Amino acid sequence: MESFSLILAIVVVTALAFDFTNGFHDTANAMATTISTGALKPKIAVTMSAALNLVGAFLSVEVANTISKGLVDENGIRPEVIFAALVGAILWNLVTWLVGLPSSSSHALMGGLIGATVASAGFGAVHGDVLVTKVLLPAVAAPVVAGLAALLSTRLSYTLSKNAEDEATRKGYRAGQIASAGLVSLAHGTNDAQKTMGIITLALVAGGSIAPGSNPPTWVILSAGLAIALGTYIGGWRIIRTMGTGLTDLQPQQGFAAQTSAATAILASSHLGFSLSTTHVVSGSVMGAGLGRKGGTVRWSTATRMVVAWVLTLPAAALVGALAESVTDLGDGGTAAVAVFLVAASAAIWKLSRREVVDSGNVVGTEEPAGVVTTAIAAVTPPPAGTVTEGLTATIPSPAAPATDPAATV
């Protein structure tokens with residue numbers, strides 16, 4: 001195994017901690033719709049997702065190579081820079097998890113790395129062409145493409161099943177949902193676990209443990225896969241609630257269409273080496289599926305908050321990464337101070353989360369109230385054909401009493 005310094009060991013442990021947060025932060029991407037439609041019980045869903053995340057980590061290293069070889073200049077990057085980048089990514093993941101927003105762990109990592117690199121070596125150390133072509137453009141295009149695919153798939157699903165028996169249709173699509181959710185989990189491991197592999201490989205190059213241009217060692221692949229699988233198993237219940245019931249209401253046909261569209265987009269991007277945000281893809285798919293059903297709506301207030309978080313992720317993580325790098329640049333004492341701050345901030349966020357506990361028992365127990373736009377759309381859009389709204393009562397006014405003719409009164 002490669003020779004290690006103390007700072008390099010700290011960086012590897014911190015990278016695996018980020019991978020763990022990535023796991024529970026992004027569990028919703030694979031399993032929120034499956035849980036919300038009742039296709040799988042919450043605990044079974046996250047266990048299955050964790051296992052497939054681990055398998056997916058071994059399928060490719062293209063995304064890892066994009067990060068370790070393409071995004072920033074490997075020469076002159078110190079391990080402390082990688083540590084600072086991870087601090088920015090972890091804190092952003094935890095803050096957005098606390099408020100239940102499915103932001104991008106991938107972009108948090110990219111932002112932290114860019115901010116720390118710029119603070120250490122200047123803007124010239126960031127490869128702008130790679131940033132634009134393999135990070136920013138996919139971030140914009142992916143949710144749109146996945147959303148349109150999910151919308152069309154949803155409409156096709158309802159068209160094909162309109163004459164089928166309702167119960168048989170539900171069972172069939174729930175089985176399809178389980179399969180497609182497994183595919184999303186596999187794709188998530190293939191894409192997101194590789195980002196941590198790339199960061200650790202970059203740190204090993206920066207620390208002189210392996211040669212520049214090397215692929216991730218086997219132990220790096222295994223440890224990253226295990227870390228993201230464990231985080232997935234813990235279950236990011238707050239974000240699962242937002243994705244499953246806070247964004248739109250899904251039926252099995254919609255869940256199947258959303259997950260199949262998302263998995264296809266993620267696997268294709270992994271093959272091409274795009275550091276894609278699985279959160280963006282799945283969120284776009286869920287919204288597309290919500291609009292694809294006749295009478296379906298999207299809670300645009302929740303969607304707007306998500307988009308704001310997406311826009312802020314890169315710059316916010318970059319700012320924290322740059323500040324952390326400025327402190328670590330002071331020496332070992334500065335690095336220790338940043339490490340203490342990270343642990344203290346993480347503990348404080350966890351303590352705040354205990355004020356309102358969300359777990360497998362109440363993850364689908366409540367729904368976010370519909371916003372003004374959703375309410376207005378629902379008021380003028382007829383429900384899908386063949387559905388009956390439960391609990392709907394009609395109030396029929398009593399017939400008016402006949403008028404009394406005073407002249408007829410004796």
# chains A, B, ... in the order shown; residues from 1 in each chain; ligands from 1
call {"tool": "residues_around", "arguments": {"residues": "Gly115 (chain A)", "least_positions_apart": "2", "cutoff": "12 Å", "atoms": "only C-alpha atoms", "output": "PyMOL selection string"}}
result
chain A and resi 72+81-89+107-113+117-123+125-126+313-326
call {"tool": "atom_distance", "arguments": {"atom1": "CA of Ala309 (chain A)", "atom2": "CA of Thr21 (chain A)"}}
result
16.9 Å
call {"tool": "residues_around", "arguments": {"residues": "Ser346 (chain A)", "least_positions_apart": "4", "cutoff": "12 Å", "atoms": "only C-alpha atoms", "output": "number ranges by chain"}}
result
A: 17-18, 21, 87-95, 97-98, 339-342, 350-353
call {"tool": "residues_around", "arguments": {"residues": "Val357 (chain A)", "least_positions_apart": "6", "cutoff": "10 Å", "atoms": "only C-alpha atoms", "output": "ChimeraX atom specification"}}
result
/A:237-238,363
call {"tool": "write_last_selection", "arguments": {"atoms": "C-alpha atoms", "output": "PDB file, in the first residue's frame"}}
result
ATOM      1  CA  TRP A 237     -35.195  10.382   5.606  1.00  0.00           C
ATOM      2  CA  ARG A 238     -35.619  14.162   5.531  1.00  0.00           C
ATOM      3  CA  VAL A 363     -41.114   9.540   6.290  1.00  0.00           C
TER       4      VAL A 363
END
call {"tool": "atom_distance", "arguments": {"atom1": "CA of Ala39 (chain A)", "atom2": "CA of Leu52 (chain A)"}}
result
17.4 Å
call {"tool": "closest_residue", "arguments": {"among": "A:Ala229, A:Trp300, A:Ile240, A:Gly38", "to": "Leu186 (chain A)", "atoms": "only C-alpha atoms"}}
result
A:Ala229
call {"tool": "closest_residue", "arguments": {"among": "A:Trp219, A:Gln177, A:Arg354, A:Ser285", "to": "Thr37 (chain A)", "atoms": "only C-alpha atoms"}}
result
A:Gln177
call {"tool": "select_by_dssp", "arguments": {"residues": "region 37-152 of chain A", "states": "helix (DSSP H, G or I)", "output": "VMD selection string"}}
result
chain A and resid 42 to 56 62 to 71 79 to 98 105 to 121 123 to 125 128 to 152
call {"tool": "closest_residue", "arguments": {"among": "A:Gly208, A:Gly290, A:Gly23, A:Gly331", "to": "Arg155 (chain A)", "atoms": "only C-alpha atoms"}}
result
A:Gly290
call {"tool": "closest_residue", "arguments": {"among": "A:Met197, A:Asn215, A:Asp192, A:Gly235", "to": "Met48 (chain A)", "atoms": "only C-alpha atoms"}}
result
A:Gly235
call {"tool": "closest_residue", "arguments": {"among": "A:Leu54, A:Ala181, A:Leu59, A:Ala257", "to": "Leu151 (chain A)", "atoms": "only C-alpha atoms"}}
result
A:Ala257
call {"tool": "atom_distance", "arguments": {"atom1": "CA of Val135 (chain A)", "atom2": "CA of Ser106 (chain A)"}}
result
9.2 Å
call {"tool": "residues_around", "arguments": {"residues": "Met243 (chain A)", "least_positions_apart": "2", "cutoff": "9 Å", "atoms": "only C-alpha atoms", "output": "JSON, numbers by chain"}}
result
{"A": [28, 29, 32, 33, 36, 100, 101, 102, 238, 239, 240, 241, 245, 246, 247, 248, 282, 283, 286]}
call {"tool": "write_last_selection", "arguments": {"atoms": "N, CA, C and O atoms", "output": "mmCIF file, in the first residue's frame"}}
result
data_model
loop_
_atom_site.group_PDB
_atom_site.id
_atom_site.type_symbol
_atom_site.label_atom_id
_atom_site.label_comp_id
_atom_site.auth_asym_id
_atom_site.auth_seq_id
_atom_site.Cartn_x
_atom_site.Cartn_y
_atom_site.Cartn_z
ATOM 1 N N ALA A 28 -32.498 9.399 -1.315
ATOM 2 C CA ALA A 28 -33.788 9.773 -1.900
ATOM 3 C C ALA A 28 -33.786 9.639 -3.415
ATOM 4 O O ALA A 28 -34.831 9.362 -4.022
ATOM 5 N N ASN A 29 -32.634 9.835 -4.034
ATOM 6 C CA ASN A 29 -32.588 9.769 -5.494
ATOM 7 C C ASN A 29 -33.057 8.416 -6.021
ATOM 8 O O ASN A 29 -33.730 8.331 -7.043
ATOM 9 N N ALA A 32 -36.907 7.374 -3.013
ATOM 10 C CA ALA A 32 -38.013 8.208 -2.535
ATOM 11 C C ALA A 32 -39.334 7.847 -3.200
ATOM 12 O O ALA A 32 -40.365 7.695 -2.527
ATOM 13 N N THR A 33 -39.331 7.697 -4.520
ATOM 14 C CA THR A 33 -40.587 7.386 -5.203
ATOM 15 C C THR A 33 -41.055 5.971 -4.894
ATOM 16 O O THR A 33 -42.253 5.711 -4.765
ATOM 17 N N SER A 36 -42.608 6.236 -1.435
ATOM 18 C CA SER A 36 -43.832 7.042 -1.378
ATOM 19 C C SER A 36 -45.023 6.335 -2.028
ATOM 20 O O SER A 36 -46.162 6.542 -1.625
ATOM 21 N N GLY A 100 -33.850 19.433 4.571
ATOM 22 C CA GLY A 100 -34.576 18.523 3.694
ATOM 23 C C GLY A 100 -34.546 18.879 2.231
ATOM 24 O O GLY A 100 -35.456 18.513 1.483
ATOM 25 N N LEU A 101 -33.500 19.568 1.780
ATOM 26 C CA LEU A 101 -33.415 19.953 0.371
ATOM 27 C C LEU A 101 -32.475 19.015 -0.388
ATOM 28 O O LEU A 101 -31.320 18.837 0.002
ATOM 29 N N PRO A 102 -32.949 18.412 -1.474
ATOM 30 C CA PRO A 102 -32.100 17.507 -2.258
ATOM 31 C C PRO A 102 -31.156 18.259 -3.183
ATOM 32 O O PRO A 102 -31.353 18.329 -4.390
ATOM 33 N N ARG A 238 -35.092 12.807 5.752
ATOM 34 C CA ARG A 238 -35.619 14.162 5.531
ATOM 35 C C ARG A 238 -35.747 14.453 4.037
ATOM 36 O O ARG A 238 -36.748 15.025 3.583
ATOM 37 N N ILE A 239 -34.729 14.093 3.280
ATOM 38 C CA ILE A 239 -34.756 14.374 1.845
ATOM 39 C C ILE A 239 -35.669 13.395 1.125
ATOM 40 O O ILE A 239 -36.304 13.740 0.123
ATOM 41 N N ILE A 240 -35.768 12.169 1.630
ATOM 42 C CA ILE A 240 -36.716 11.212 1.051
ATOM 43 C C ILE A 240 -38.133 11.754 1.162
ATOM 44 O O ILE A 240 -38.937 11.639 0.229
ATOM 45 N N ARG A 241 -38.461 12.379 2.299
ATOM 46 C CA ARG A 241 -39.802 12.952 2.461
ATOM 47 C C ARG A 241 -40.051 14.047 1.428
ATOM 48 O O ARG A 241 -41.103 14.088 0.786
ATOM 49 N N THR A 245 -42.893 13.008 -1.309
ATOM 50 C CA THR A 245 -44.232 13.567 -1.139
ATOM 51 C C THR A 245 -44.263 15.092 -1.151
ATOM 52 O O THR A 245 -45.329 15.673 -1.272
ATOM 53 N N GLY A 246 -43.120 15.737 -1.019
ATOM 54 C CA GLY A 246 -43.119 17.195 -0.964
ATOM 55 C C GLY A 246 -43.091 17.862 -2.319
ATOM 56 O O GLY A 246 -43.436 19.034 -2.449
ATOM 57 N N LEU A 247 -42.661 17.127 -3.357
ATOM 58 C CA LEU A 247 -42.509 17.718 -4.679
ATOM 59 C C LEU A 247 -43.725 17.482 -5.559
ATOM 60 O O LEU A 247 -44.179 18.376 -6.274
ATOM 61 N N THR A 248 -44.262 16.291 -5.515
ATOM 62 C CA THR A 248 -45.471 15.955 -6.266
ATOM 63 C C THR A 248 -46.028 14.656 -5.692
ATOM 64 O O THR A 248 -45.380 14.016 -4.858
ATOM 65 N N VAL A 282 -32.692 13.043 -10.936
ATOM 66 C CA VAL A 282 -33.873 12.428 -10.332
ATOM 67 C C VAL A 282 -34.948 13.467 -10.047
ATOM 68 O O VAL A 282 -36.147 13.220 -10.254
ATOM 69 N N SER A 283 -34.559 14.641 -9.581
ATOM 70 C CA SER A 283 -35.542 15.700 -9.324
ATOM 71 C C SER A 283 -36.261 16.104 -10.607
ATOM 72 O O SER A 283 -37.484 16.278 -10.623
ATOM 73 N N VAL A 286 -38.720 13.330 -11.476
ATOM 74 C CA VAL A 286 -39.907 13.341 -10.622
ATOM 75 C C VAL A 286 -40.868 14.441 -11.050
ATOM 76 O O VAL A 286 -42.089 14.230 -11.141
#
